[in-house]
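One structure below.
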Amino acid sequence: MDFGQLIVLLAVAALLLGGYLVYVSRGGRRSQPTPSLAGKRPDEAVDPSKRQASLDNLQPNDVLVFWAGGDAIVSTILDCREELLGRSTQWRWAFLDSGPLLELAPDGNTLFEAGEVFTQGSPTFDLLTADVGRQGILKTFEARVRAGTVTTNPVLFDYAGVSYRIKSTGTFEAASRGKPLRREAWRDVSPQATDNVYFELVGPEGQEALGIWTTHIAFHTGRPIDENDIKGIYG
């Protein structure tokens with residue numbers, strides 16, 4: 001090999017080496033695969049906290065445990081509203097599977113016993129619903145309210161040895177949640193306010209009573225109740 005050939009070989013080798021170095025510096029080698037993110041699990045979403053059951057948000061199927069003993073399941077709730085002189089008042093009646101009725105109202109809560117039904121044609125039904133001329137209790141009360149004399153001349157209803165004073169009457173619209181109502185008079189509560197009449201009564205020692213007039217009259221006696229009377233509410 002003469003000197004000229006040697007120079008050519010050295011030049012070719014230099015070119016090949018330079019090209020290789022450029023190739024490597026630009027990443028010509030197969031890069032390592034980037035770790036895939038597809039297999040990674042995202043942070044799990046935090047489960048929403050469960051509803052803290054209370055008298056304020058009572059729902060059908062909630063369970064109430066009373067300090068006085070016993071427990072009950074809420075079978076049905078009636079959401080009620082009364083419109084009077086442009087003012088709306090809302091309350092709820094919760095029906096317990098053991099029989100009692102729980103009223104949840106802005107002016108306080110009341111636990112009523114299972115109660116009694118005065119059917120149409122019965123003497124008590126007639127006594128409550130008759131016209132003023134026949135001294136019907138409810139219409140006499142309304143007449144005295146209009147006349148402004150009901151405070152000085154209250155209307156009384158005697159029941160089970162207690163003389164109850166009529167405190168208020170009105171009509172209400174209602175929407176039901178939970179199981180269909182089967183109780184007589186209550187099952188006939190209508191979405192239309194004009195079909196449903198309520199009346200509230202109070203006894204001489206603070207006893208409370210409630211009447212609902214639809215086809216018949218459901219009458220309940222009870223007592224005030226608050227959160228302190230309830231050991232627990234479970235939804």
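Order determines the names: the first chain of the structure tokens is A, the second B, and so forth; residues in each chain are numbered 1 upward, and ligands are numbered 1 upward as they are shown.
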Neighbours of region 65-70 of chain A within 7 Å (only C-alpha atoms; same-chain residues fewer than 2 positions away dropped), as a PDB file with C-alpha atoms, in the first residue's frame?
```
ATOM      1  CA  VAL A  63     -85.210   4.267  62.362  1.00  0.00           C
ATOM      2  CA  ALA A  72     -89.890   2.689  65.176  1.00  0.00           C
ATOM      3  CA  ASP A 229     -86.259  12.463  73.781  1.00  0.00           C
ATOM      4  CA  ILE A 230     -84.619  10.442  71.016  1.00  0.00           C
ATOM      5  CA  LYS A 231     -81.645   8.192  71.684  1.00  0.00           C
ATOM      6  CA  GLY A 232     -80.713   7.834  68.040  1.00  0.00           C
ATOM      7  CA  ILE A 233     -81.875   8.244  64.446  1.00  0.00           C
TER       8      ILE A 233
END
```
Worksheet entry | DSSP-assigned strand (DSSP E) among region 20-215 of chain A, expressed as a ChimeraX atom specification | /A:63-66,71-84,87-96,101-105,108-112,116-118,156-159,162-171,173-178,197-202,208-213
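Using only C-alpha atoms, the smallest distance between any of A:Ile73, A:Phe172, A:Gly148, A:Phe199 and Ser88 (chain A) comes from A:Phe172.
Closest to Phe125 (chain A) among A:Pro224, A:Thr171, A:Ser190, A:Ile137 is A:Ile137, based on only C-alpha atoms.
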Discussion item. Taking only region 67-197 of chain A into account, list the residues labelled helix (DSSP H, G or I) by DSSP (computed from the backbone), as an MDAnalysis selection string.
Written reply: chainID A and resid 123:129 132:134 137:147 186:188 193:195
Discussion item. Need to verify the contact set: Arg177 (chain A), 12 Å, only C-alpha atoms, exclusion of same-chain residues closer than 2 positions in sequence. Can you return it as a PyMOL selection string?
Written reply: chain A and resi 58-61+74-80+92-95+174-175+179-181
Now that the selection is made, can you save its residues with C-alpha atoms as a PDB file, in the first residue's frame?
```pdb
ATOM      1  CA  LEU A  58     -86.086  12.669  58.456  1.00  0.00           C
ATOM      2  CA  GLN A  59     -86.734  10.289  55.556  1.00  0.00           C
ATOM      3  CA  PRO A  60     -88.894   7.195  54.971  1.00  0.00           C
ATOM      4  CA  ASN A  61     -87.209   4.030  56.327  1.00  0.00           C
ATOM      5  CA  VAL A  74     -90.663   5.844  59.454  1.00  0.00           C
ATOM      6  CA  SER A  75     -93.041   4.347  56.903  1.00  0.00           C
ATOM      7  CA  THR A  76     -94.507   7.475  55.285  1.00  0.00           C
ATOM      8  CA  ILE A  77     -93.921  11.221  55.328  1.00  0.00           C
ATOM      9  CA  LEU A  78     -96.477  13.846  54.341  1.00  0.00           C
ATOM     10  CA  ASP A  79     -94.899  17.134  53.257  1.00  0.00           C
ATOM     11  CA  CYS A  80     -97.541  19.780  53.957  1.00  0.00           C
ATOM     12  CA  ARG A  92     -94.226  17.367  57.934  1.00  0.00           C
ATOM     13  CA  TRP A  93     -96.085  14.446  59.417  1.00  0.00           C
ATOM     14  CA  ALA A  94     -94.026  11.270  59.778  1.00  0.00           C
ATOM     15  CA  PHE A  95     -95.985   8.038  60.223  1.00  0.00           C
ATOM     16  CA  ALA A 174     -99.789  17.561  50.906  1.00  0.00           C
ATOM     17  CA  ALA A 175     -97.371  15.328  49.023  1.00  0.00           C
ATOM     18  CA  LYS A 179     -95.317   3.707  51.626  1.00  0.00           C
ATOM     19  CA  PRO A 180     -98.900   4.532  50.583  1.00  0.00           C
ATOM     20  CA  LEU A 181    -101.025   5.600  53.535  1.00  0.00           C
TER      21      LEU A 181
END
```
Fill in: Distance query Arg223 (chain A) at most 7 Å, only C-alpha atoms, self and fewer than 2 positions along chain excluded, as an MDAnalysis selection string
chainID A and resid 110:112 207:208 225
Worksheet item: So which residues touch Val162 (chain A) within 12 Å, counting only C-alpha atoms, skipping near sequence neighbours fewer than 6 positions away, as a list of chain:residue names?
Response: A:Leu156, A:Leu201, A:Val202, A:Gly203, A:Pro204, A:Glu205, A:Gly206, A:Gln207, A:Glu208, A:Ala209, A:Thr221
What does the file look like for those residues with N, CA and C atoms, as a JSON list (two decimals), in the first residue's frame?
```json
[["chain", "number", "residue", "atom", "x", "y", "z"],
["A", 156, "LEU", "N", -114.54, 24.71, 73.16],
["A", 156, "LEU", "CA", -113.98, 23.54, 73.83],
["A", 156, "LEU", "C", -114.51, 22.24, 73.22],
["A", 201, "LEU", "N", -105.62, 21.44, 68.94],
["A", 201, "LEU", "CA", -106.24, 21.67, 70.23],
["A", 201, "LEU", "C", -105.18, 21.60, 71.33],
["A", 202, "VAL", "N", -105.47, 22.24, 72.46],
["A", 202, "VAL", "CA", -104.56, 22.20, 73.60],
["A", 202, "VAL", "C", -105.37, 21.97, 74.87],
["A", 203, "GLY", "N", -104.83, 21.13, 75.76],
["A", 203, "GLY", "CA", -105.51, 20.82, 77.01],
["A", 203, "GLY", "C", -105.10, 21.75, 78.14],
["A", 204, "PRO", "N", -105.76, 21.66, 79.28],
["A", 204, "PRO", "CA", -105.48, 22.57, 80.40],
["A", 204, "PRO", "C", -104.09, 22.38, 80.99],
["A", 205, "GLU", "N", -103.47, 21.23, 80.79],
["A", 205, "GLU", "CA", -102.13, 20.98, 81.31],
["A", 205, "GLU", "C", -101.10, 20.87, 80.19],
["A", 206, "GLY", "N", -101.39, 21.51, 79.07],
["A", 206, "GLY", "CA", -100.45, 21.52, 77.96],
["A", 206, "GLY", "C", -100.56, 20.33, 77.03],
["A", 207, "GLN", "N", -101.55, 19.46, 77.25],
["A", 207, "GLN", "CA", -101.74, 18.34, 76.34],
["A", 207, "GLN", "C", -102.04, 18.88, 74.93],
["A", 208, "GLU", "N", -101.63, 18.14, 73.93],
["A", 208, "GLU", "CA", -101.87, 18.56, 72.55],
["A", 208, "GLU", "C", -102.72, 17.52, 71.83],
["A", 209, "ALA", "N", -103.50, 18.00, 70.88],
["A", 209, "ALA", "CA", -104.34, 17.10, 70.08],
["A", 209, "ALA", "C", -104.40, 17.64, 68.66],
["A", 221, "THR", "N", -104.07, 12.41, 70.12],
["A", 221, "THR", "CA", -103.57, 13.17, 71.27],
["A", 221, "THR", "C", -102.08, 12.89, 71.42]]
```
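Distance annotation: of A:Asp226, A:Val197, A:Val132, A:Asp126, the residue with the minimal separation from Leu102 (chain A) is A:Asp226; atom set is only C-alpha atoms.
CA of Leu64 (chain A) is positioned 10.9 Å from CA of Ser98 (chain A).
Of the residues under consideration (A:Asp56, A:Asp195, A:Thr152, A:Gly211), A:Asp56 shows the shortest atom-to-atom contact distance to Asn109 (chain A) when counting only C-alpha atoms.
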Worksheet item: Quick one, how far is CA of Thr194 (chain A) from CA of Glu82 (chain A)?
Response: 10.4 Å
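Separating CA of Trp91 (chain A) from CA of Tyr198 (chain A) is a distance of 12.5 Å.
Checking A:Asn153, A:Gln90, A:Gln135, A:Thr215 one by one against Glu184 (chain A), counting only C-alpha atoms, you find the shortest gap at A:Thr215.
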